[in-house]
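Engineer: Data: input-v2.txt, compact mmCIF, C-alpha atoms.
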```txt
# COMPACT_ATOMS: atom_id res chain seq x y z
CA MET D 14 -34.20 49.48 -43.87
CA LYS D 15 -36.61 52.24 -42.91
CA ALA D 16 -39.43 49.72 -42.70
CA ALA D 17 -37.37 47.51 -40.38
CA LEU D 18 -36.53 50.47 -38.14
CA PHE D 19 -40.20 51.45 -38.02
CA ILE D 20 -41.18 47.92 -36.95
CA LEU D 21 -38.53 47.97 -34.22
CA PHE D 22 -39.85 51.35 -33.10
CA LEU D 23 -43.38 49.93 -32.78
CA ILE D 24 -42.07 46.94 -30.84
CA ALA D 25 -40.21 49.28 -28.48
CA ILE D 26 -43.39 51.27 -27.91
CA LYS D 27 -45.34 48.10 -27.14
CA ILE D 28 -42.71 46.84 -24.70
CA GLY D 29 -42.52 50.24 -23.00
CA ALA D 30 -46.29 50.41 -22.62
CA ALA D 31 -46.29 47.03 -20.86
CA GLN D 32 -43.42 47.82 -18.48
CA ASN D 33 -43.95 46.51 -14.98
CA LEU D 34 -43.57 49.32 -12.43
CA VAL D 35 -43.03 46.94 -9.48
CA PRO D 36 -39.37 46.29 -8.51
CA ASN D 37 -38.28 42.75 -7.68
CA ALA D 38 -41.75 41.67 -8.75
CA SER D 39 -41.19 37.93 -8.25
CA PHE D 40 -39.07 38.21 -5.08
CA GLU D 41 -36.10 36.62 -6.81
CA GLN D 42 -33.64 39.12 -5.30
CA TYR D 43 -32.69 39.01 -1.64
CA TYR D 44 -30.24 40.75 0.68
CA ARG D 45 -29.09 37.33 1.82
CA CYS D 46 -30.41 33.86 1.22
CA PRO D 47 -33.20 33.36 3.81
CA GLY D 48 -32.60 30.70 6.42
CA SER D 49 -35.96 30.72 8.16
CA TYR D 50 -38.95 32.96 8.89
CA ASN D 51 -38.39 36.68 9.45
CA PRO D 52 -37.95 37.11 13.23
CA GLN D 53 -39.88 39.60 15.34
CA GLY D 54 -38.18 42.97 15.54
CA SER D 55 -36.14 42.41 12.37
CA ASP D 56 -35.37 45.04 9.74
CA ARG D 57 -38.46 46.19 7.85
CA ASN D 58 -36.44 46.13 4.61
CA PHE D 59 -36.81 42.40 4.20
CA ALA D 60 -36.18 42.17 0.42
CA PRO D 61 -34.77 44.54 -2.24
CA GLY D 62 -37.54 46.90 -3.32
CA TRP D 63 -39.91 45.72 -0.59
CA VAL D 64 -40.56 46.77 2.99
CA SER D 65 -42.98 46.05 5.78
CA PRO D 66 -45.01 49.25 6.39
CA THR D 67 -46.02 48.01 9.86
CA LEU D 68 -44.26 46.12 12.64
CA GLY D 69 -45.47 42.87 11.06
CA THR D 70 -42.72 40.63 9.67
CA PRO D 71 -43.41 39.25 6.18
CA ASP D 72 -41.15 36.48 4.94
CA ILE D 73 -39.18 35.69 1.80
CA PHE D 74 -38.61 32.18 0.45
CA ASN D 75 -36.12 31.04 -2.17
CA ARG D 76 -34.72 27.87 -3.67
CA CYS D 77 -31.24 28.94 -2.51
CA SER D 78 -32.20 28.17 1.09
CA PHE D 79 -31.26 24.92 2.82
CA GLY D 80 -33.19 25.98 5.92
CA ASN D 81 -36.87 26.56 6.71
CA ALA D 82 -37.29 29.20 4.00
CA GLY D 83 -36.65 27.04 0.96
CA VAL D 84 -38.68 26.47 -2.20
CA PRO D 85 -40.60 24.26 -2.55
CA HIS D 86 -40.19 23.01 1.06
CA ASN D 87 -40.40 25.56 3.88
CA TRP D 88 -41.78 26.04 7.38
CA ALA D 89 -45.20 27.18 6.05
CA GLY D 90 -45.81 24.42 3.51
CA VAL D 91 -44.69 22.91 0.23
CA ALA D 92 -45.10 25.03 -2.89
CA ASN D 93 -43.15 25.78 -6.03
CA ALA D 94 -42.96 29.43 -7.02
CA HIS D 95 -45.58 30.63 -9.44
CA LYS D 96 -42.64 31.69 -11.57
CA GLY D 97 -38.92 31.61 -10.89
CA PHE D 98 -37.39 30.47 -7.61
CA GLY D 99 -38.79 32.77 -4.93
CA TYR D 100 -41.90 34.26 -3.34
CA ALA D 101 -42.98 36.19 -0.24
CA GLY D 102 -45.31 35.20 2.57
CA ILE D 103 -47.69 37.09 4.88
CA TYR D 104 -50.19 36.38 7.63
CA ALA D 105 -53.58 37.36 6.20
CA PHE D 106 -55.62 36.17 9.17
CA LEU D 107 -55.18 34.88 12.73
CA ASN D 108 -58.17 33.51 14.63
CA ASN D 109 -59.14 35.77 17.56
CA SER D 110 -56.26 38.10 16.75
CA THR D 111 -55.85 41.37 14.85
CA TYR D 112 -52.28 40.54 13.80
CA ARG D 113 -51.61 41.17 10.09
CA GLU D 114 -48.63 41.45 7.77
CA TYR D 115 -48.31 43.68 4.70
CA LEU D 116 -45.94 43.98 1.76
CA GLN D 117 -45.12 47.39 0.31
CA ALA D 118 -43.04 48.47 -2.69
CA LYS D 119 -42.22 51.85 -4.19
CA LEU D 120 -43.08 51.83 -7.89
CA THR D 121 -40.39 52.74 -10.40
CA ASP D 122 -42.61 55.56 -11.69
CA SER D 123 -45.64 57.43 -10.38
CA LEU D 124 -49.05 56.67 -11.88
CA LYS D 125 -50.42 59.26 -14.30
CA GLU D 126 -53.76 60.93 -13.61
CA GLY D 127 -56.63 59.43 -15.61
CA LYS D 128 -54.55 56.57 -17.02
CA THR D 129 -55.71 52.99 -16.46
CA TYR D 130 -53.35 50.38 -15.04
CA GLY D 131 -53.61 46.63 -14.76
CA VAL D 132 -52.71 45.39 -11.26
CA GLU D 133 -51.93 41.69 -10.94
CA PHE D 134 -50.39 39.28 -8.47
CA PHE D 135 -50.78 35.65 -7.40
CA ILE D 136 -51.64 34.24 -3.98
CA ARG D 137 -51.55 30.73 -2.57
CA LEU D 138 -52.70 29.55 0.84
CA SER D 139 -49.76 27.81 2.49
CA GLY D 140 -50.20 24.09 2.97
CA TYR D 141 -49.71 24.16 6.73
CA SER D 142 -52.33 26.86 7.38
CA LYS D 143 -55.20 25.67 9.53
CA TYR D 144 -57.51 28.49 8.37
CA ALA D 145 -58.51 29.99 5.03
CA VAL D 146 -59.84 33.52 4.50
CA ASP D 147 -61.79 34.83 1.52
CA ARG D 148 -60.06 38.15 0.81
CA ILE D 149 -56.97 40.22 0.27
CA GLY D 150 -56.61 43.93 -0.45
CA VAL D 151 -54.38 46.32 -2.38
CA LEU D 152 -53.62 49.95 -1.61
CA LEU D 153 -52.18 52.29 -4.24
CA SER D 154 -51.08 55.51 -2.58
CA ASP D 155 -49.01 58.64 -3.20
CA SER D 156 -47.25 58.37 0.15
CA THR D 157 -46.41 55.80 2.77
CA THR D 158 -46.80 55.74 6.54
CA GLN D 159 -44.71 53.49 8.75
CA ALA D 160 -47.27 52.21 11.25
CA SER D 161 -46.00 51.55 14.76
CA HIS D 162 -48.09 48.39 15.28
CA ASP D 163 -48.52 44.89 13.81
CA ARG D 164 -52.33 44.85 13.76
CA ILE D 165 -54.94 45.41 11.03
CA TRP D 166 -53.99 48.51 9.09
CA LYS D 167 -57.11 50.65 9.38
CA ILE D 168 -56.94 52.28 5.99
CA GLN D 169 -59.32 52.03 3.04
CA PRO D 170 -57.65 49.91 0.32
CA SER D 171 -57.95 50.80 -3.36
CA PHE D 172 -59.30 47.31 -4.08
CA THR D 173 -60.35 44.26 -2.10
CA HIS D 174 -60.48 40.91 -3.86
CA VAL D 175 -63.26 38.84 -2.31
CA MET D 176 -63.58 35.19 -3.27
CA ASP D 177 -66.96 33.44 -3.43
CA SER D 178 -65.90 31.21 -0.57
CA ALA D 179 -63.03 31.00 1.89
CA TYR D 180 -62.50 27.37 0.86
CA THR D 181 -62.97 25.69 -2.54
CA LYS D 182 -61.45 22.72 -4.38
CA ASN D 183 -58.77 25.13 -5.69
CA THR D 184 -57.72 26.41 -2.27
CA GLY D 185 -54.03 25.73 -1.90
CA LEU D 186 -53.26 26.41 -5.58
CA TRP D 187 -51.92 29.62 -7.06
CA HIS D 188 -54.79 32.07 -7.56
CA ARG D 189 -54.61 35.11 -9.85
CA ILE D 190 -55.72 38.48 -8.51
CA TYR D 191 -56.33 41.11 -11.19
CA PHE D 192 -58.10 44.45 -11.41
CA GLU D 193 -57.93 47.59 -13.47
CA TYR D 194 -57.23 50.86 -11.69
CA LYS D 195 -57.83 54.38 -12.99
CA ALA D 196 -55.13 56.53 -11.40
CA LEU D 197 -55.90 59.65 -9.43
CA GLY D 198 -52.36 60.75 -10.22
CA GLY D 199 -49.14 60.55 -8.23
CA GLU D 200 -49.61 57.07 -6.73
CA LYS D 201 -46.16 55.55 -6.25
CA PHE D 202 -46.59 52.86 -3.59
CA ILE D 203 -48.35 49.49 -3.69
CA THR D 204 -49.29 47.71 -0.46
CA ILE D 205 -50.70 44.16 -0.32
CA GLY D 206 -52.43 42.54 2.66
CA ASN D 207 -55.75 41.92 4.37
CA PHE D 208 -57.24 45.24 5.49
CA SER D 209 -60.55 43.66 6.61
CA THR D 210 -61.59 42.64 10.10
CA GLU D 211 -62.58 39.10 11.06
CA ALA D 212 -66.21 40.23 11.25
CA ASP D 213 -66.08 41.43 7.64
CA SER D 214 -64.46 38.24 6.33
CA LYS D 215 -65.47 34.70 5.58
CA VAL D 216 -63.19 32.26 7.37
CA TYR D 217 -62.91 28.49 7.07
CA HIS D 218 -61.31 26.22 9.67
CA LEU D 219 -59.43 23.40 7.94
CA THR D 220 -60.20 20.78 10.59
CA PHE D 221 -59.20 17.94 8.24
CA SER D 222 -55.65 19.30 7.81
CA GLN D 223 -52.96 17.00 9.21
CA ALA D 224 -50.41 19.85 9.33
CA ASN D 225 -48.98 20.67 12.75
CA GLU D 226 -46.97 23.87 12.37
CA PRO D 227 -47.50 25.72 15.70
CA MET D 228 -47.27 29.19 14.14
CA LEU D 229 -50.07 28.35 11.67
CA ASN D 230 -52.53 26.52 13.94
CA THR D 231 -54.76 29.61 14.03
CA ALA D 232 -53.64 31.26 10.81
CA ALA D 233 -54.32 31.81 7.12
CA TYR D 234 -50.90 32.44 5.62
CA PHE D 235 -50.58 33.46 1.96
CA TYR D 236 -47.64 33.08 -0.36
CA ILE D 237 -47.38 36.07 -2.76
CA ASP D 238 -45.67 36.05 -6.17
CA ASP D 239 -45.43 37.90 -9.50
CA VAL D 240 -46.73 41.36 -8.60
CA SER D 241 -47.21 43.77 -11.50
CA VAL D 242 -48.59 47.23 -12.20
CA THR D 243 -48.63 48.02 -15.92
CA ALA D 244 -50.14 50.84 -17.95
CA LEU D 245 -52.96 49.73 -20.24
CA ALA D 246 -53.68 51.08 -23.70
CA ILE D 247 -57.45 50.76 -23.53
CA PRO D 248 -59.42 51.79 -26.61
CA GLU D 249 -62.75 53.52 -26.20
CA LYS D 250 -65.25 50.76 -25.52
CA VAL D 251 -68.53 50.51 -27.38
CA VAL D 252 -71.30 51.04 -24.86
CA THR D 253 -74.93 50.71 -25.82
CA THR D 254 -78.02 48.98 -24.49
CA VAL D 255 -78.95 45.36 -25.04
CA LYS D 256 -82.37 46.30 -26.46
CA GLU D 257 -80.87 48.65 -29.03
CA LEU D 258 -78.85 45.89 -30.64
CA ALA D 259 -80.86 42.81 -29.68
CA ALA D 260 -81.42 41.99 -33.35
CA GLU D 261 -77.70 41.98 -34.12
CA PRO D 262 -75.54 41.78 -30.97
CA LYS D 263 -71.78 41.54 -31.35
CA PRO D 264 -69.16 39.72 -29.27
CA ASN D 265 -66.53 41.65 -27.29
CA GLU D 266 -68.62 44.82 -27.09
CA VAL D 267 -69.99 46.18 -23.83
CA TYR D 268 -73.74 46.53 -23.43
CA ILE D 269 -75.49 48.33 -20.60
CA LEU D 270 -78.46 46.54 -19.10
CA GLN D 271 -80.30 49.85 -18.96
CA HIS D 272 -83.54 48.74 -17.35
CA ILE D 273 -82.31 46.53 -14.53
CA TYR D 274 -83.65 47.74 -11.19
CA PHE D 275 -82.74 46.66 -7.67
CA SER D 276 -84.19 47.31 -4.25
CA PHE D 277 -82.45 50.18 -2.42
CA ASN D 278 -78.94 49.14 -1.25
CA SER D 279 -79.80 45.58 -2.22
CA ALA D 280 -79.03 42.98 -4.89
CA ASP D 281 -82.70 41.93 -5.15
CA ILE D 282 -83.93 42.38 -8.74
CA LEU D 283 -87.27 44.16 -9.11
CA PRO D 284 -89.95 42.74 -11.48
CA GLN D 285 -89.73 45.68 -13.92
CA SER D 286 -86.28 44.33 -14.87
CA TYR D 287 -87.59 41.08 -16.34
CA GLU D 288 -88.22 42.41 -19.86
CA GLU D 289 -84.61 43.51 -20.25
CA LEU D 290 -83.31 40.29 -18.70
CA ASN D 291 -85.46 38.19 -21.02
CA THR D 292 -83.87 39.99 -23.96
CA LEU D 293 -80.48 38.94 -22.63
CA VAL D 294 -81.68 35.35 -22.21
CA ALA D 295 -82.97 35.32 -25.81
CA ILE D 296 -79.61 36.56 -27.17
CA LEU D 297 -77.72 33.82 -25.33
CA LYS D 298 -80.13 31.12 -26.49
CA LYS D 299 -79.83 32.34 -30.08
CA ASN D 300 -76.01 32.18 -29.78
CA PRO D 301 -75.39 28.97 -27.80
CA LYS D 302 -71.62 29.12 -28.27
CA TRP D 303 -71.33 32.52 -26.60
CA LYS D 304 -70.48 33.17 -22.97
CA VAL D 305 -71.41 36.36 -21.15
CA GLU D 306 -69.40 38.49 -18.73
CA LEU D 307 -71.58 40.44 -16.31
CA SER D 308 -70.03 43.37 -14.46
CA GLY D 309 -71.68 45.35 -11.67
CA HIS D 310 -71.02 49.06 -11.05
CA THR D 311 -72.14 51.52 -8.37
CA ASP D 312 -72.11 55.28 -7.90
CA ASP D 313 -69.51 57.13 -5.81
CA LYS D 314 -71.41 57.05 -2.51
CA GLY D 315 -70.14 54.70 0.21
CA ASP D 316 -66.73 53.14 0.81
CA ASN D 317 -64.83 50.98 -1.66
CA LEU D 318 -65.43 47.60 -0.01
CA TYR D 319 -69.16 48.14 0.45
CA ASN D 320 -69.57 49.22 -3.17
CA TYR D 321 -67.45 46.34 -4.44
CA ASN D 322 -69.61 43.78 -2.61
CA LEU D 323 -72.84 45.45 -3.74
CA SER D 324 -71.75 45.59 -7.39
CA LEU D 325 -70.60 41.96 -7.35
CA ASN D 326 -73.80 40.73 -5.71
CA ARG D 327 -75.93 42.58 -8.25
CA ALA D 328 -74.02 40.99 -11.11
CA LYS D 329 -74.52 37.62 -9.42
CA SER D 330 -78.28 38.28 -9.19
CA VAL D 331 -78.41 38.82 -12.95
CA GLY D 332 -76.42 35.63 -13.41
CA ARG D 333 -78.86 33.68 -11.24
CA TYR D 334 -81.76 34.97 -13.33
CA LEU D 335 -80.08 33.69 -16.48
CA VAL D 336 -79.46 30.28 -14.92
CA GLY D 337 -83.08 30.12 -13.78
CA ASN D 338 -84.14 30.71 -17.37
CA GLY D 339 -82.12 27.96 -18.96
CA ILE D 340 -78.61 29.40 -19.42
CA ASP D 341 -75.79 27.07 -18.37
CA ILE D 342 -73.89 28.50 -15.39
CA ALA D 343 -70.60 27.60 -17.15
CA ARG D 344 -71.40 30.30 -19.72
CA ILE D 345 -71.60 33.07 -17.12
CA LYS D 346 -68.81 35.07 -15.50
CA VAL D 347 -69.54 37.78 -12.93
CA LEU D 348 -67.34 40.70 -11.87
CA GLY D 349 -67.73 43.58 -9.43
CA PHE D 350 -66.08 46.96 -9.98
CA GLY D 351 -67.78 49.06 -7.31
CA LYS D 352 -67.33 52.74 -8.10
CA ARG D 353 -64.04 52.42 -9.98
CA LYS D 354 -65.41 52.71 -13.56
CA PRO D 355 -67.92 55.56 -13.71
CA LEU D 356 -69.40 56.53 -17.08
CA LYS D 357 -69.97 60.05 -15.77
CA LEU D 358 -67.52 61.89 -13.49
CA ALA D 359 -70.00 64.52 -12.29
CA LYS D 360 -71.27 64.31 -8.69
CA THR D 361 -74.91 64.92 -9.64
CA GLU D 362 -77.78 62.51 -8.99
CA GLU D 363 -78.27 62.18 -12.75
CA ALA D 364 -74.65 61.07 -13.19
CA ARG D 365 -74.91 58.69 -10.23
CA ALA D 366 -78.02 57.08 -11.73
CA ILE D 367 -76.08 56.43 -14.97
CA ASN D 368 -73.13 54.98 -13.08
CA ARG D 369 -75.31 52.49 -11.17
CA ARG D 370 -75.53 49.74 -13.74
CA VAL D 371 -74.86 46.17 -14.79
CA GLU D 372 -73.01 45.64 -18.07
CA ALA D 373 -72.87 42.57 -20.29
CA LYS D 374 -70.13 41.56 -22.71
CA PHE D 375 -70.63 38.55 -24.97
CA LEU D 376 -67.59 36.33 -25.43
CA GLU D 377 -67.07 33.79 -28.21
CA LYS D 378 -65.90 30.43 -26.87
```
Starting from the coordinates I provided, produce the structure as structure tokens.
Structural biologist:
Amino acid sequence: MKAALFILFLIAIKIGAAQNLVPNASFEQYYRCPGSYNPQGSDRNFAPGWVSPTLGTPDIFNRCSFGNAGVPHNWAGVANAHKGFGYAGIYAFLNNSTYREYLQAKLTDSLKEGKTYGVEFFIRLSGYSKYAVDRIGVLLSDSTTQASHDRIWKIQPSFTHVMDSAYTKNTGLWHRIYFEYKALGGEKFITIGNFSTEADSKVYHLTFSQANEPMLNTAAYFYIDDVSVTALAIPEKVVTTVKELAAEPKPNEVYILQHIYFSFNSADILPQSYEELNTLVAILKKNPKWKVELSGHTDDKGDNLYNYNLSLNRAKSVGRYLVGNGIDIARIKVLGFGKRKPLKLAKTEEARAINRRVEAKFLEK
């Protein structure tokens, strides 16, 4: 009996640790079944748990609707929910316009300082959009401001997801956005939307689209579903250099590429990096069933978006070197973390030098 109670206790702990802090995470709940798009000047409280922090008017869609806000058929396209019967929708881009829409929810509990959280949601470009854009951002904040405009929200997001291209063969399908966030402490709001200007974005005009929805002729409109913020129980990772364990590398451990050098503020690899990179190539050739995950990291200087792009491009440069030396591109995954995962918290130049790095993790197929 005691053993059974202990097992139930462990299960309860596990469930509690994975609790989603986002209310109405899949937009299944509504104040009333939506009939059409959210009209201009409507109430900012468009769905239980969710508001519009600006004068933009995000939409909610649900299978209950017999109007233009149904699922799967609605005024913006045809799409089943990622999960359940509902989802939200926002304008992420309008050509020659600064109009944007944002979704904001108050978390059920504030984030704890120093704790790491997994942030996840799914996006899908609506089928009647005539444009596609390559990015969407997330802001985690300890307070909220109700902006008195419906334009780009000029605030630095906590994370910007940037796709390799604005248009791929998977555009129009549900796409997972995920990142890990180390809390400053006290964050209790999540805001989703495109915080970037047109000049900072990659945009693709879908000239081949036969859709003729007037409100989407100049727009990239995203469906949003299954938003979650969950606390992670992350064990201390093993961090060492590739050269130290080149003779006996292990999968699922993190290795620092200690002697990879780049030009200043650039992703161009310098020649003195080749010895370390060749060691990485040799490990992958010796273990042909392994894949490798390359993650780029920067120091704390510069804004979040700049550092994210720099870290991602540096990881891509390492990946290109591997491909050029005989490693199949299908075995390589690249990630950018910017300045979000420092090894050293100090603000010294020595600490910054340690934090500027590319890491490799070998994955068994």
Engineer: Please produce, as JSON lines, a per-residue contact table for range 95-201 of chain D versus range 326-339 of chain D (criterion: any atom at most 12 Å away, only C-alpha atoms considered), showing the nearest atom pair and its distance in Å to one decimal, sorted by chain then residue number.
Structural biologist:
```
{"residue": "D:Val175", "atom": "CA", "partner": "D:Asn326", "partner_atom": "CA", "distance": 11.2}
{"residue": "D:Met176", "atom": "CA", "partner": "D:Asn326", "partner_atom": "CA", "distance": 11.9}
{"residue": "D:Asp177", "atom": "CA", "partner": "D:Asn326", "partner_atom": "CA", "distance": 10.3}
```
Engineer: Give me the residues near Ser78 in chain D as a list in words, where near means some atom within 6 Å (using all atoms listed in the file) and where sequence neighbours in that chain fewer than 6 positions away do not count.
Structural biologist: Cys46, Pro47 and Gly48 of chain D
Engineer: Which is closer to Lys352 in chain D than all the others in D:Ile340, D:Phe172, D:Lys201, D:Ser123, using only C-alpha atoms?
Structural biologist: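 Closest residue, counting only C-alpha atoms: D:Phe172.
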Engineer: Record the distance separating CA of Ala233 in chain D and CA of Thr204 in chain D, expressed in Å with one decimal.
Structural biologist: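 A separation of 18.3 Å between them.
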Engineer: So how far away is CA of Glu306 in chain D from CA of Glu289 in chain D, in Å?
Structural biologist: 16.1 Å
Engineer: Could you check how far CA of Ala179 in chain D sits from CA of Asn230 in chain D, in Å to one decimal?
Structural biologist: 16.6 Å
Engineer: Excluding Phe235 in chain D and its own-chain neighbours fewer than 4 positions away, which residues fall within 12 Å of it when counting all atoms listed in the file? Please give them as a PyMOL selection string.
Structural biologist: chain D and resi 71-73+89-90+92+100-107+113-116+134-149+184-188+205-207+229
Engineer: Restricting the calculation to only C-alpha atoms: of D:Arg369, D:Trp303, D:Asp313, D:Glu363, which residue gets closest to Phe277 in chain D?
Structural biologist: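 Checking each of D:Arg369, D:Trp303, D:Asp313, D:Glu363 against Phe277 in chain D, counting only C-alpha atoms, the winner is D:Arg369.
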Engineer: Out of D:Gly199, D:Gly150, D:Gly99, D:Pro170, which residue has the shortest atom-to-atom distance to Gly127 in chain D when counting only C-alpha atoms?
Structural biologist: D:Gly199
Engineer: Near Glu133 in chain D, counting all atoms listed in the file, which residues have an atom at most 8 Å away, once you skip same-chain residues fewer than 5 positions from it, shown as a list in words?
Structural biologist: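 My list of contacting residues is Arg189, Ile190, Tyr191, Phe192, Asp239, Val240, Ser241 and Val242 of chain D.
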Engineer: Which residue out of D:Asn278, D:Glu200, D:Thr67, D:Thr157 has the minimum interatomic distance to Ser171 in chain D when all atoms listed in the file are used?
Structural biologist: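 The answer is D:Glu200, which sits nearest to Ser171 in chain D.
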Engineer: When distances are computed from only C-alpha atoms, which of D:Thr129, D:Ser178, D:Gln285, D:Ser279 shows the smallest separation from Leu245 in chain D?
Structural biologist: D:Thr129
Engineer: Using all atoms listed in the file for the distances, tell me which of D:Gly349, D:Gln271, D:Lys360, D:Lys302 is nearest to Glu288 in chain D.
Structural biologist: D:Gln271
Engineer: At a cut-off of 7 Å from (-66.1, 45.2, 5.1) in the coordinates of the file, what residues are picked up using all atoms listed in the file, written as an NGL selection string?
Structural biologist: :D and (209 or 213 or 318-319)
